[in-house]
file final_15.txt (compact mmCIF, C-alpha atoms)
# COMPACT_ATOMS: atom_id res chain seq x y z
CA MET A 52 -26.73 -17.33 -5.86
CA GLN A 53 -23.96 -14.80 -6.35
CA HIS A 54 -20.54 -15.35 -4.83
CA ARG A 55 -19.99 -12.52 -2.34
CA ILE A 56 -16.56 -10.88 -2.61
CA ILE A 57 -15.69 -8.11 -0.18
CA VAL A 58 -12.59 -5.95 -0.62
CA LEU A 59 -11.50 -3.97 2.42
CA GLY A 60 -9.66 -0.75 1.63
CA ALA A 61 -9.59 1.32 -1.58
CA GLY A 62 -5.96 2.29 -1.68
CA TYR A 63 -3.88 1.33 -4.70
CA THR A 64 -3.93 -2.39 -4.01
CA GLY A 65 -7.52 -2.81 -2.84
CA ALA A 66 -8.97 -0.67 -5.61
CA ILE A 67 -6.90 -2.43 -8.29
CA ALA A 68 -7.86 -5.86 -6.97
CA ALA A 69 -11.58 -4.99 -6.90
CA GLY A 70 -11.56 -3.62 -10.44
CA ARG A 71 -9.50 -6.49 -11.84
CA ILE A 72 -11.79 -9.10 -10.29
CA ALA A 73 -14.90 -7.31 -11.55
CA ARG A 74 -13.63 -7.24 -15.11
CA ARG A 75 -13.03 -11.00 -15.16
CA LEU A 76 -16.18 -12.39 -13.56
CA ARG A 77 -19.75 -12.38 -14.81
CA ARG A 78 -21.89 -9.93 -12.87
CA GLU A 79 -24.59 -12.57 -12.56
CA ASP A 80 -22.12 -14.75 -10.66
CA ALA A 81 -20.33 -12.32 -8.34
CA ALA A 82 -21.35 -9.50 -6.03
CA ILE A 83 -18.26 -7.36 -5.37
CA THR A 84 -18.31 -4.80 -2.56
CA LEU A 85 -15.47 -2.34 -1.96
CA VAL A 86 -15.43 -0.96 1.59
CA ASN A 87 -13.60 2.29 2.26
CA ALA A 88 -13.91 5.00 4.89
CA GLU A 89 -13.33 7.89 2.46
CA PRO A 90 -15.29 8.70 -0.72
CA ASP A 91 -12.16 9.65 -2.69
CA PHE A 92 -9.19 7.65 -3.89
CA VAL A 93 -6.08 8.96 -2.15
CA GLU A 94 -2.85 9.17 -4.15
CA ARG A 95 -0.63 8.17 -1.28
CA VAL A 96 2.55 8.53 -3.31
CA ARG A 97 1.77 12.26 -3.65
CA LEU A 98 0.93 13.09 -0.05
CA HIS A 99 4.27 14.84 0.49
CA GLN A 100 3.17 17.19 -2.30
CA LEU A 101 -0.13 17.81 -0.54
CA ALA A 102 1.70 18.58 2.71
CA ALA A 103 3.97 21.03 0.90
CA GLY A 104 0.99 23.09 -0.21
CA GLN A 105 0.11 21.63 -3.60
CA ASP A 106 -3.49 20.74 -4.44
CA LEU A 107 -4.20 17.25 -5.72
CA ARG A 108 -6.93 16.44 -8.19
CA PRO A 109 -10.04 14.93 -6.51
CA ARG A 110 -10.69 11.35 -7.59
CA PRO A 111 -14.14 10.19 -6.37
CA LEU A 112 -14.30 6.44 -6.05
CA ASP A 113 -17.89 6.25 -7.29
CA ALA A 114 -16.81 7.84 -10.57
CA MET A 115 -13.75 5.58 -10.88
CA PHE A 116 -15.88 2.45 -10.46
CA ALA A 117 -18.94 3.61 -12.38
CA GLY A 118 -20.15 0.86 -14.70
CA THR A 119 -17.79 -1.80 -13.37
CA GLY A 120 -20.26 -3.65 -11.19
CA VAL A 121 -18.28 -2.89 -8.03
CA ALA A 122 -20.53 -1.63 -5.23
CA LEU A 123 -18.87 1.05 -3.09
CA LYS A 124 -19.68 1.06 0.63
CA LEU A 125 -18.46 4.09 2.58
CA ALA A 126 -17.79 2.79 6.06
CA LYS A 127 -15.02 2.10 8.53
CA VAL A 128 -14.09 -1.52 9.19
CA THR A 129 -14.40 -2.29 12.89
CA GLU A 130 -13.98 -6.06 13.00
CA VAL A 131 -13.21 -9.06 10.80
CA ASP A 132 -14.29 -12.58 11.77
CA PRO A 133 -12.66 -15.00 9.32
CA ASP A 134 -14.22 -18.02 11.04
CA ARG A 135 -17.78 -16.76 10.67
CA LYS A 136 -16.79 -15.06 7.39
CA THR A 137 -18.20 -11.66 8.32
CA VAL A 138 -16.98 -8.06 8.39
CA ALA A 139 -18.38 -5.47 10.80
CA VAL A 140 -18.47 -1.86 9.58
CA ALA A 141 -19.76 1.50 10.79
CA ASP A 142 -20.68 4.42 8.53
CA ALA A 143 -20.13 8.13 9.18
CA ARG A 144 -23.38 8.35 11.15
CA GLY A 145 -22.30 5.53 13.42
CA THR A 146 -24.71 3.00 11.95
CA ARG A 147 -23.24 -0.48 12.34
CA GLU A 148 -23.69 -3.36 9.96
CA GLU A 149 -22.38 -6.89 9.51
CA LEU A 150 -21.43 -7.98 6.00
CA PRO A 151 -21.15 -11.70 5.19
CA TYR A 152 -18.68 -12.80 2.53
CA ASP A 153 -17.61 -15.87 0.61
CA THR A 154 -14.19 -14.48 -0.30
CA LEU A 155 -12.41 -11.58 1.37
CA VAL A 156 -9.62 -9.38 0.01
CA TYR A 157 -7.95 -7.60 2.93
CA ALA A 158 -6.21 -4.38 1.85
CA LEU A 159 -6.46 -2.07 4.84
CA GLY A 160 -2.83 -1.02 4.44
CA SER A 161 -0.65 0.85 6.88
CA THR A 162 -0.22 4.08 8.81
CA ALA A 163 2.79 5.82 10.29
CA GLY A 164 4.39 3.78 13.08
CA ASP A 165 6.04 5.49 16.02
CA GLN A 166 8.50 2.61 16.60
CA GLY A 167 7.96 3.07 20.34
CA VAL A 168 9.68 6.48 20.40
CA PRO A 169 8.23 8.74 23.13
CA GLY A 170 6.42 11.83 21.95
CA VAL A 171 5.89 10.81 18.32
CA ALA A 172 2.15 10.24 18.67
CA GLU A 173 1.68 13.53 20.53
CA HIS A 174 3.99 15.87 18.66
CA ALA A 175 4.99 14.51 15.24
CA TYR A 176 3.28 14.85 11.86
CA ASP A 177 3.18 12.28 9.07
CA VAL A 178 2.44 11.90 5.36
CA ALA A 179 1.14 8.33 5.56
CA GLY A 180 -2.49 9.40 5.06
CA ARG A 181 -4.49 12.31 3.72
CA ALA A 182 -5.55 13.54 7.17
CA GLY A 183 -1.95 13.57 8.40
CA ALA A 184 -0.71 15.37 5.30
CA LEU A 185 -3.38 18.06 5.64
CA ARG A 186 -2.54 18.49 9.32
CA LEU A 187 1.12 19.01 8.43
CA ARG A 188 0.17 21.38 5.62
CA GLU A 189 -1.76 23.55 8.04
CA ARG A 190 1.13 23.55 10.50
CA LEU A 191 3.68 24.54 7.87
CA ALA A 192 1.46 27.35 6.59
CA GLY A 193 1.58 28.92 10.04
CA LEU A 194 5.38 28.86 10.40
CA ASP A 195 7.44 32.01 10.01
CA ALA A 196 10.56 32.29 7.87
CA GLY A 197 13.55 30.54 9.39
CA ALA A 198 11.48 28.10 11.45
CA PRO A 199 13.18 24.69 11.81
CA VAL A 200 11.42 21.66 10.31
CA VAL A 201 12.85 18.20 10.97
CA VAL A 202 12.09 15.14 8.84
CA VAL A 203 12.92 11.92 10.71
CA GLY A 204 13.72 8.94 8.48
CA GLY A 205 16.24 8.56 5.68
CA GLY A 206 14.19 6.16 3.56
CA LEU A 207 12.35 6.94 0.34
CA THR A 208 9.46 8.68 2.10
CA GLY A 209 11.80 10.80 4.21
CA LEU A 210 13.85 11.89 1.21
CA GLU A 211 10.74 12.81 -0.76
CA ALA A 212 9.23 14.74 2.14
CA ALA A 213 12.41 16.66 3.00
CA THR A 214 13.22 17.67 -0.57
CA GLU A 215 9.61 18.58 -1.39
CA LEU A 216 9.31 20.79 1.67
CA ALA A 217 12.69 22.43 1.12
CA GLU A 218 11.88 23.23 -2.52
CA ALA A 219 8.36 24.50 -1.81
CA ARG A 220 9.35 26.47 1.29
CA PRO A 221 12.95 27.70 0.90
CA ASP A 222 12.28 30.12 3.75
CA LEU A 223 12.17 27.23 6.26
CA ALA A 224 15.22 25.53 7.80
CA VAL A 225 14.65 21.90 6.77
CA ALA A 226 16.72 19.11 8.33
CA LEU A 227 16.75 15.38 7.61
CA VAL A 228 17.66 12.82 10.28
CA ALA A 229 18.90 9.44 9.00
CA ARG A 230 19.75 6.49 11.24
CA ASP A 231 22.32 5.30 8.69
CA ALA A 232 24.30 7.06 5.96
CA LEU A 233 22.34 9.31 3.60
CA GLY A 234 21.07 7.24 0.68
CA ASP A 235 22.81 4.10 1.91
CA ARG A 236 20.39 1.88 -0.04
CA PHE A 237 21.42 3.42 -3.37
CA SER A 238 24.35 2.90 -5.72
CA PRO A 239 27.35 5.28 -5.49
CA LYS A 240 25.85 7.40 -8.28
CA GLY A 241 22.52 7.51 -6.48
CA ARG A 242 24.10 8.45 -3.16
CA ARG A 243 26.09 11.26 -4.75
CA HIS A 244 23.01 12.67 -6.42
CA VAL A 245 20.90 12.62 -3.27
CA ARG A 246 23.64 14.45 -1.36
CA GLU A 247 24.00 17.03 -4.13
CA VAL A 248 20.25 17.70 -4.10
CA CYS A 249 20.16 18.08 -0.32
CA ASP A 250 23.09 20.50 -0.48
CA ARG A 251 21.47 22.50 -3.28
CA LEU A 252 18.17 22.78 -1.39
CA GLY A 253 19.90 23.76 1.84
CA ILE A 254 18.81 20.67 3.78
CA THR A 255 20.85 19.96 6.90
CA VAL A 256 21.51 16.22 7.08
CA HIS A 257 22.12 14.40 10.38
CA GLU A 258 23.52 10.98 9.47
CA HIS A 259 24.03 7.98 11.76
CA THR A 260 21.62 9.59 14.20
CA THR A 261 19.03 7.73 16.26
CA VAL A 262 16.00 9.68 17.48
CA THR A 263 15.02 8.84 21.05
CA ALA A 264 12.23 11.35 21.71
CA VAL A 265 10.09 14.02 20.09
CA THR A 266 8.79 17.07 21.92
CA ALA A 267 6.85 20.14 20.82
CA ASP A 268 10.02 22.10 20.07
CA HIS A 269 12.86 19.65 19.47
CA VAL A 270 13.96 16.15 18.51
CA GLY A 271 16.07 14.24 21.03
CA THR A 272 18.86 11.94 19.85
CA ALA A 273 20.84 9.05 21.33
CA ASP A 274 23.98 11.15 21.81
CA GLY A 275 22.06 13.64 23.93
CA THR A 276 21.89 16.31 21.26
CA GLY A 277 18.63 18.17 20.80
CA ILE A 278 17.66 19.28 17.29
CA PRO A 279 15.31 22.29 17.30
CA SER A 280 12.03 21.68 15.51
CA ARG A 281 8.82 23.61 15.10
CA ALA A 282 7.34 20.79 13.02
CA THR A 283 8.64 17.22 13.15
CA VAL A 284 7.70 14.97 10.23
CA TRP A 285 7.88 11.28 11.14
CA THR A 286 8.69 8.89 8.26
CA ALA A 287 10.77 6.36 10.20
CA GLY A 288 8.48 3.40 9.80
CA PHE A 289 4.98 2.16 9.11
CA ALA A 290 2.52 0.09 11.12
CA VAL A 291 -0.22 -2.08 9.64
CA HIS A 292 -3.87 -1.77 10.56
CA PRO A 293 -4.40 -3.57 13.90
CA ILE A 294 -7.58 -5.43 12.94
CA ALA A 295 -5.87 -8.48 11.40
CA ARG A 296 -3.86 -9.18 14.55
CA ALA A 297 -7.10 -9.29 16.55
CA THR A 298 -8.48 -12.13 14.41
CA THR A 299 -7.65 -15.82 14.07
CA LEU A 300 -5.80 -15.11 10.84
CA GLU A 301 -2.16 -16.12 11.01
CA THR A 302 -0.08 -12.95 11.24
CA GLY A 303 3.61 -12.19 11.59
CA ASP A 304 5.30 -10.13 14.29
CA SER A 305 4.45 -7.02 12.29
CA GLY A 306 0.73 -7.81 12.33
CA GLN A 307 0.72 -8.53 8.59
CA ILE A 308 -1.30 -11.47 7.31
CA VAL A 309 0.92 -14.40 6.33
CA VAL A 310 0.15 -15.36 2.73
CA ASP A 311 1.31 -17.96 0.23
CA ALA A 312 2.74 -17.36 -3.25
CA SER A 313 -0.72 -16.38 -4.57
CA MET A 314 -1.34 -13.84 -1.76
CA ARG A 315 -3.84 -16.18 -0.06
CA SER A 316 -3.90 -16.50 3.72
CA VAL A 317 -2.08 -19.63 4.88
CA SER A 318 -4.64 -20.11 7.66
CA HIS A 319 -7.90 -19.11 5.96
CA PRO A 320 -8.05 -19.98 2.23
CA ASP A 321 -11.06 -17.73 1.61
CA VAL A 322 -9.01 -14.66 2.57
CA TYR A 323 -6.47 -12.86 0.38
CA ALA A 324 -4.23 -10.07 1.68
CA VAL A 325 -2.56 -7.48 -0.54
CA GLY A 326 -0.34 -4.45 -0.19
CA ASP A 327 1.10 -3.45 3.16
CA ALA A 328 -1.32 -5.81 4.91
CA ALA A 329 0.38 -8.90 3.49
CA LEU A 330 3.47 -10.69 4.73
CA ALA A 331 4.63 -12.20 1.45
CA MET A 332 7.97 -13.65 0.47
CA GLY A 333 9.78 -12.28 -2.56
CA PRO A 334 12.91 -13.32 -4.45
CA GLY A 335 15.62 -14.78 -2.24
CA GLY A 336 13.11 -15.61 0.49
CA LYS A 337 13.03 -11.98 1.65
CA PRO A 338 9.73 -10.40 2.78
CA LEU A 339 8.38 -7.88 0.30
CA ARG A 340 8.69 -4.36 1.66
CA MET A 341 5.71 -2.07 2.13
CA SER A 342 5.56 -0.20 -1.15
CA CYS A 343 3.57 0.33 -4.34
CA ALA A 344 6.41 -1.45 -6.14
CA SER A 345 5.39 -4.75 -4.56
CA GLY A 346 1.82 -3.97 -3.57
CA VAL A 347 0.43 -3.34 -7.06
CA PRO A 348 1.79 -6.52 -8.71
CA GLY A 349 0.73 -8.39 -5.58
CA ALA A 350 -2.82 -7.10 -6.10
CA TRP A 351 -2.75 -8.26 -9.72
CA LEU A 352 -1.57 -11.67 -8.59
CA ALA A 353 -4.19 -12.00 -5.84
CA ALA A 354 -7.04 -10.96 -8.15
CA ASP A 355 -5.95 -13.37 -10.87
CA ALA A 356 -5.50 -16.23 -8.41
CA LEU A 357 -8.90 -15.59 -6.83
CA VAL A 358 -10.64 -15.54 -10.21
CA ALA A 359 -8.78 -18.65 -11.37
CA ARG A 360 -9.84 -20.66 -8.34
CA LEU A 361 -13.47 -19.56 -8.64
CA THR A 362 -13.64 -20.40 -12.34
CA GLY A 363 -11.84 -23.72 -12.23
CA ALA A 364 -8.67 -22.45 -13.91
CA LYS A 365 -5.07 -22.85 -12.81
CA PRO A 366 -3.85 -20.05 -10.48
CA PRO A 367 -0.89 -18.01 -11.78
CA THR A 368 2.59 -18.70 -10.48
CA THR A 369 4.17 -15.31 -11.22
CA GLU A 370 6.62 -14.14 -8.57
CA VAL A 371 6.46 -10.54 -7.39
CA ARG A 372 9.86 -8.92 -7.90
CA TYR A 373 11.47 -5.48 -7.97
CA TYR A 374 12.88 -3.47 -10.87
CA GLN A 375 13.57 0.01 -9.52
CA GLN A 376 13.21 2.46 -6.65
CA CYS A 377 11.65 5.74 -7.77
CA VAL A 378 12.26 8.86 -5.68
CA SER A 379 11.02 12.38 -6.37
CA LEU A 380 13.43 15.03 -5.10
CA GLY A 381 11.15 18.01 -5.45
CA ARG A 382 9.20 18.77 -8.64
CA LYS A 383 12.22 19.18 -10.93
CA ASP A 384 14.60 16.45 -9.77
CA GLY A 385 14.53 12.78 -8.97
CA LEU A 386 16.34 9.49 -8.74
CA ILE A 387 15.47 6.21 -10.43
CA GLN A 388 17.65 3.56 -8.83
CA PHE A 389 17.53 0.27 -10.69
CA VAL A 390 17.65 -2.81 -8.49
CA THR A 391 17.89 -6.59 -8.55
CA ALA A 392 14.81 -8.79 -8.23
CA ASP A 393 15.29 -8.82 -4.44
CA ASP A 394 15.63 -5.01 -4.24
CA ARG A 395 19.42 -4.52 -4.08
CA ALA A 396 20.83 -1.50 -5.90
CA VAL A 397 22.84 -2.00 -9.08
CA ASP A 398 25.17 0.51 -10.76
CA ARG A 399 22.54 1.89 -13.14
CA ALA A 400 20.52 4.96 -12.10
CA LEU A 401 18.74 7.92 -13.69
CA THR A 402 18.98 11.35 -12.09
CA GLY A 403 17.81 14.93 -12.57
CA ARG A 404 14.91 16.12 -14.70
CA LEU A 405 14.69 12.88 -16.66
CA ALA A 406 14.26 10.97 -13.41
CA ALA A 407 11.64 13.49 -12.26
CA ARG A 408 9.64 12.92 -15.45
CA TYR A 409 10.05 9.16 -15.05
CA LYS A 410 8.73 9.29 -11.47
CA GLU A 411 5.82 11.49 -12.53
CA ALA A 412 4.91 8.95 -15.20
CA ILE A 413 5.02 6.19 -12.56
CA CYS A 414 2.68 8.18 -10.28
CA LYS A 415 0.22 8.89 -13.09
CA GLY A 416 0.41 5.30 -14.24
CA ALA A 417 -0.36 3.99 -10.76
CA THR A 418 -3.51 6.10 -10.54
CA TRP A 419 -4.54 5.28 -14.11
CA GLY A 420 -4.12 1.61 -13.23
CA VAL A 421 -6.76 1.87 -10.50
CA ALA A 422 -9.45 2.75 -13.04
CA HIS A 423 -7.88 0.51 -15.72
CA PRO A 424 -6.67 -2.61 -13.85
CA LEU A 425 -6.27 -4.62 -17.08
CA LEU A 426 -3.93 -3.55 -19.86
CA LEU A 427 -5.79 -5.72 -22.37
CA PRO A 428 -9.41 -6.85 -22.55
CA ALA A 429 -9.95 -9.99 -20.49
CA ARG A 430 -12.23 -12.93 -21.03
CA VAL A 431 -15.17 -12.77 -18.64
CA ARG A 432 -15.51 -16.13 -16.96
CA ARG A 433 -18.29 -18.01 -15.22
CA ILE A 434 -17.86 -19.05 -11.60
CA VAL A 435 -17.85 -22.82 -11.21
CA PRO A 436 -19.83 -24.13 -8.23
CA ARG A 437 -17.59 -25.60 -5.59
CA PRO A 438 -17.81 -29.39 -5.20
CA GLN A 439 -19.93 -30.60 -2.31
CA ARG A 440 -17.88 -32.95 -0.17
CA THR A 441 -19.58 -36.05 1.15
CA ALA A 442 -19.33 -37.11 4.77
CA ASP A 443 -18.29 -40.62 3.77
CA PRO A 444 -14.46 -40.78 3.64
CA VAL A 445 -14.63 -43.86 1.39
CA THR A 446 -16.60 -42.09 -1.35
CA GLU A 447 -15.19 -38.61 -0.79
CA THR A 448 -12.23 -39.01 -3.14
CA ALA A 449 -14.37 -40.28 -5.99
CA THR A 450 -16.98 -37.59 -5.44
CA ASP A 451 -14.38 -34.82 -5.36
CA ALA A 452 -12.68 -36.17 -8.48
CA ALA A 453 -15.97 -36.27 -10.37
CA ALA A 454 -16.85 -32.77 -9.22
CA LYS A 455 -13.44 -31.51 -10.24
CA THR A 456 -13.84 -32.98 -13.72
CA ALA A 457 -17.28 -31.39 -14.05
CA ALA A 458 -15.91 -28.05 -12.84
CA GLU A 459 -13.09 -28.11 -15.37
CA THR A 460 -15.51 -28.94 -18.18
CA ALA A 461 -17.83 -26.12 -17.13
CA ALA A 462 -14.91 -23.68 -16.99
CA GLU A 463 -13.82 -24.61 -20.51
CA THR A 464 -17.38 -24.18 -21.77
CA ALA A 465 -17.69 -20.79 -20.07
CA ALA A 466 -14.38 -19.67 -21.56

call {"tool": "encode", "arguments": {"input": "final_15.txt", "output": "C-alpha cells"}}
result
Amino acid sequence: MQHRIIVLGAGYTGAIAAGRIARRLRREDAAITLVNAEPDFVERVRLHQLAAGQDLRPRPLDAMFAGTGVALKLAKVTEVDPDRKTVAVADARGTREELPYDTLVYALGSTAGDQGVPGVAEHAYDVAGRAGALRLRERLAGLDAGAPVVVVGGGLTGLEAATELAEARPDLAVALVARDALGDRFSPKGRRHVREVCDRLGITVHEHTTVTAVTADHVGTADGTGIPSRATVWTAGFAVHPIARATTLETGDSGQIVVDASMRSVSHPDVYAVGDAALAMGPGGKPLRMSCASGVPGAWLAADALVARLTGAKPPTTEVRYYQQCVSLGRKDGLIQFVTADDRAVDRALTGRLAARYKEAICKGATWGVAHPLLLPARVRRIVPRPQRTADPVTETATDAAAKTAAETAAETAA
C-alpha cells in the first residue's frame, strides 16, 4: 500500500517540497498529492511588477510537475484534522471531498495582514497574492496624472512596491510611509542607496510615522496628519492562513505551526510545516522571518527529513540561516545587503545595476528551483514499513529494536 503524502499549497515552499519528495521516493511506494486553489504557479516575489503593469509569464503547475509523479488537485483547503489525518477541500464547482493522508506537508503560506488598523480591509490594496496585485493594477490604470499613491510599510516589500510603481508610473505622486527610519535594517551604505533611489524617483518618504487608519481618499497617522491617497498599498505585515489555528496543531501567537529543527510539528509528528506557515527557530534562537530566504531552504530541509524518516535514514541536521537581503528598486536598480546568519546587516552591500541583475538571477533561480528541486540527481529510495508496536510493554522494547534493525537493513538494501 502506498504511503499517502499530501502537500497543501503550491507556492515556492510547497511546490519545492512536493517535487523534492517525489524525486527521492519510489512511485510504487508513495502517492504524492499537491493541493492548490489556482492552476498556475504564482511568482510572489514579482507581484509588485504585476501590479505596476508588467505581464508575468504563465507557469501552469500541471506542466511544471509533468512526469514527476506528483498528482495536482485544484481545490481550496477548507479544513485540516490532524487527529483523524484528513484534509477537507472544495473545488471551483463547490464539490467537497475529504482526503486522508499518512504524512502532511502544510504550506498554505500567508496573506496581507491589516495589523488591526481600521479601514485597511475595506480600502487598501496589497501585493501579497495574485488577485490583490491584479486589483491594484486595475486601480492604478484608472488614475490620472498627479494622483497620490501611498505605500504603507518600510520593509522589503514596501520598498520594492514603492520604487516599482514610481519607476513605471512617473506621472503618479508616490509616497512611502515607514514606521521607523527609511532602510533602518540595512548597513549605512544600504541606507544611503535606498534614500538616493527614492529621491531620484521622486518618492515622498514619511519616516517615523505610524498609520492609524485608512480611508478611501487618505491615510491617517498617529500625529493627526492625513496623507492624501487615491490608492493605498498595504505592505505593513503579513498574516498566516487561519486554518492551522483552528486545529489541534500547536501554533504560536501568530497562528504559525510550531516546528522542530527538521520542520516537523512538535505536536503531530506526521505533519511538517514550511514557509510562512511554520514557526521555526533560526540562528541565535530567533524565529525565522516570513521570506523566500528562509522558506525555500526550510522546504528542502522538511522534504529531506520526511524522506529520511520514511526510508529508515538519519534526518538531516542542517540549520536554516540567512546570507543576504535582496531588494529590487525598480527594473534597473537594486540592493543586495549581506547579513549575518541571524539576519543582521553587515558592512558589505551591492547596489545599482549589478544588484538589479543579482536580484533578477535570484528571482529566476527561485522559479527554476520549483521545477528542479534537486541540484544533483538523487538516489531513489524505498519506503521502509513502520514497526508495529506490541501492546505488551515488556516486549515492546525488544520488538521495536528488532523492527528498527530490520528497517535499517532494508533501507541499506534499497539504497

call {"tool": "closest_atom_pairs", "arguments": {"input": "final_15.txt", "of": "region 132-188 of chain A", "to": "region 104-119 of chain A", "cutoff": "12 Å", "atoms": "only C-alpha atoms", "output": "CSV"}}
result
residue,atom,partner,partner_atom,distance
A:Arg181,CA,A:Leu107,CA,10.7
A:Ala184,CA,A:Gly104,CA,9.6
A:Leu185,CA,A:Gly104,CA,8.9
A:Arg186,CA,A:Gly104,CA,11.2
A:Leu187,CA,A:Gly104,CA,9.6
A:Arg188,CA,A:Gly104,CA,6.1

call {"tool": "residues_around", "arguments": {"input": "final_15.txt", "residues": "Thr276 (chain A)", "least_positions_apart": "6", "cutoff": "12 Å", "atoms": "all atoms listed in the file", "output": "list in words"}}
result
His257, Thr260, Thr261, Val262, Thr263, Ala264, His269 and Val270 of chain A

call {"tool": "residues_around", "arguments": {"input": "final_15.txt", "residues": "region 340-343 of chain A", "least_positions_apart": "4", "cutoff": "7 Å", "atoms": "only C-alpha atoms", "output": "MDAnalysis selection string"}}
result
chainID A and resid 326:327 347

call {"tool": "residues_around", "arguments": {"input": "final_15.txt", "residues": "region 199-211 of chain A", "least_positions_apart": "6", "cutoff": "6 Å", "atoms": "all atoms listed in the file", "output": "list in words"}}
result
Ala224, Val225, Ala226, Leu227, Val228, Ala229, Ser280, Arg281, Ala282, Thr283, Val284, Trp285, Thr286, Ala287, Ser379 and Leu380 of chain A

call {"tool": "closest_residue", "arguments": {"input": "final_15.txt", "among": "A:Glu370, A:Thr146, A:Arg55, A:Glu94", "to": "Val121 (chain A)", "atoms": "all atoms listed in the file"}}
result
A:Arg55

call {"tool": "residues_around", "arguments": {"input": "final_15.txt", "residues": "Ile56 (chain A)", "least_positions_apart": "4", "cutoff": "9 Å", "atoms": "only C-alpha atoms", "output": "PDB file with C-alpha atoms, keeping the file's coordinate frame"}}
result
ATOM      1  CA  ALA A  69     -11.580  -4.990  -6.900  1.00  0.00           C
ATOM      2  CA  ALA A  81     -20.330 -12.320  -8.340  1.00  0.00           C
ATOM      3  CA  ALA A  82     -21.350  -9.500  -6.030  1.00  0.00           C
ATOM      4  CA  ILE A  83     -18.260  -7.360  -5.370  1.00  0.00           C
ATOM      5  CA  THR A  84     -18.310  -4.800  -2.560  1.00  0.00           C
ATOM      6  CA  LEU A  85     -15.470  -2.340  -1.960  1.00  0.00           C
ATOM      7  CA  TYR A 152     -18.680 -12.800   2.530  1.00  0.00           C
ATOM      8  CA  ASP A 153     -17.610 -15.870   0.610  1.00  0.00           C
ATOM      9  CA  THR A 154     -14.190 -14.480  -0.300  1.00  0.00           C
ATOM     10  CA  LEU A 155     -12.410 -11.580   1.370  1.00  0.00           C
ATOM     11  CA  VAL A 156      -9.620  -9.380   0.010  1.00  0.00           C
TER      12      VAL A 156
END

call {"tool": "residues_near_point", "arguments": {"input": "final_15.txt", "point": "(15.8, 17.6, -10.0)", "cutoff": "9 Å", "atoms": "all atoms listed in the file", "output": "list in words"}}
result
Val248, Ser379, Leu380, Gly381, Arg382, Lys383, Asp384, Gly385, Leu386, Thr402, Gly403, Arg404, Leu405, Ala406 and Ala407 of chain A

call {"tool": "atom_distance", "arguments": {"input": "final_15.txt", "atom1": "CA of Val168 (chain A)", "atom2": "CA of Gly288 (chain A)"}}
result
11.1 Å

call {"tool": "closest_residue", "arguments": {"input": "final_15.txt", "among": "A:Val291, A:Val256, A:Ala344, A:Ala392", "to": "Gln376 (chain A)", "atoms": "only C-alpha atoms"}}
result
A:Ala344

call {"tool": "atom_distance", "arguments": {"input": "final_15.txt", "atom1": "CA of Pro239 (chain A)", "atom2": "CA of Gly346 (chain A)"}}
result
27.2 Å

call {"tool": "closest_residue", "arguments": {"input": "final_15.txt", "among": "A:Pro169, A:Gly62, A:Gly420, A:Gly349", "to": "Thr266 (chain A)", "atoms": "all atoms listed in the file"}}
result
A:Pro169

call {"tool": "atom_distance", "arguments": {"input": "final_15.txt", "atom1": "CA of Ser316 (chain A)", "atom2": "CA of Gly70 (chain A)"}}
result
20.6 Å

call {"tool": "closest_residue", "arguments": {"input": "final_15.txt", "among": "A:Val86, A:Leu361, A:Val390, A:Ala422", "to": "Arg437 (chain A)", "atoms": "all atoms listed in the file"}}
result
A:Leu361

call {"tool": "closest_residue", "arguments": {"input": "final_15.txt", "among": "A:Asp398, A:Gln166, A:Ala217, A:Leu159", "to": "Ile308 (chain A)", "atoms": "only C-alpha atoms"}}
result
A:Leu159

call {"tool": "residues_around", "arguments": {"input": "final_15.txt", "residues": "Asp235 (chain A)", "least_positions_apart": "4", "cutoff": "12 Å", "atoms": "only C-alpha atoms", "output": "JSON, numbers by chain"}}
result
{"A": [205, 206, 207, 210, 229, 230, 231, 239, 240, 241, 242, 243, 244, 245, 246, 258, 259, 388, 395, 396]}

call {"tool": "write_last_selection", "arguments": {"input": "final_15.txt", "atoms": "C-alpha atoms", "output": "compact mmCIF listing (two decimals), in the frame of the given file"}}
result
# COMPACT_ATOMS: atom_id res chain seq x y z
CA GLY A 205 16.24 8.56 5.68
CA GLY A 206 14.19 6.16 3.56
CA LEU A 207 12.35 6.94 0.34
CA LEU A 210 13.85 11.89 1.21
CA ALA A 229 18.90 9.44 9.00
CA ARG A 230 19.75 6.49 11.24
CA ASP A 231 22.32 5.30 8.69
CA PRO A 239 27.35 5.28 -5.49
CA LYS A 240 25.85 7.40 -8.28
CA GLY A 241 22.52 7.51 -6.48
CA ARG A 242 24.10 8.45 -3.16
CA ARG A 243 26.09 11.26 -4.75
CA HIS A 244 23.01 12.67 -6.42
CA VAL A 245 20.90 12.62 -3.27
CA ARG A 246 23.64 14.45 -1.36
CA GLU A 258 23.52 10.98 9.47
CA HIS A 259 24.03 7.98 11.76
CA GLN A 388 17.65 3.56 -8.83
CA ARG A 395 19.42 -4.52 -4.08
CA ALA A 396 20.83 -1.50 -5.90

call {"tool": "build_atoms", "arguments": {"input": "final_15.txt", "residues": "region 336-341 of chain A", "atoms": "N, CA and C atoms", "output": "PDB file, in the frame of the given file"}}
result
ATOM      1  N   GLY A 336      13.721 -15.321  -0.800  1.00  0.00           N
ATOM      2  CA  GLY A 336      13.110 -15.610   0.490  1.00  0.00           C
ATOM      3  C   GLY A 336      13.023 -14.407   1.409  1.00  0.00           C
ATOM      4  N   LYS A 337      13.111 -13.198   0.849  1.00  0.00           N
ATOM      5  CA  LYS A 337      13.030 -11.980   1.650  1.00  0.00           C
ATOM      6  C   LYS A 337      11.598 -11.449   1.633  1.00  0.00           C
ATOM      7  N   PRO A 338      11.082 -10.978   2.775  1.00  0.00           N
ATOM      8  CA  PRO A 338       9.730 -10.400   2.780  1.00  0.00           C
ATOM      9  C   PRO A 338       9.667  -9.185   1.879  1.00  0.00           C
ATOM     10  N   LEU A 339       8.582  -9.063   1.136  1.00  0.00           N
ATOM     11  CA  LEU A 339       8.380  -7.880   0.300  1.00  0.00           C
ATOM     12  C   LEU A 339       8.189  -6.665   1.191  1.00  0.00           C
ATOM     13  N   ARG A 340       8.824  -5.558   0.833  1.00  0.00           N
ATOM     14  CA  ARG A 340       8.690  -4.360   1.660  1.00  0.00           C
ATOM     15  C   ARG A 340       7.369  -3.655   1.360  1.00  0.00           C
ATOM     16  N   MET A 341       6.926  -2.841   2.312  1.00  0.00           N
ATOM     17  CA  MET A 341       5.710  -2.070   2.130  1.00  0.00           C
ATOM     18  C   MET A 341       5.965  -0.999   1.084  1.00  0.00           C
TER      19      MET A 341
END
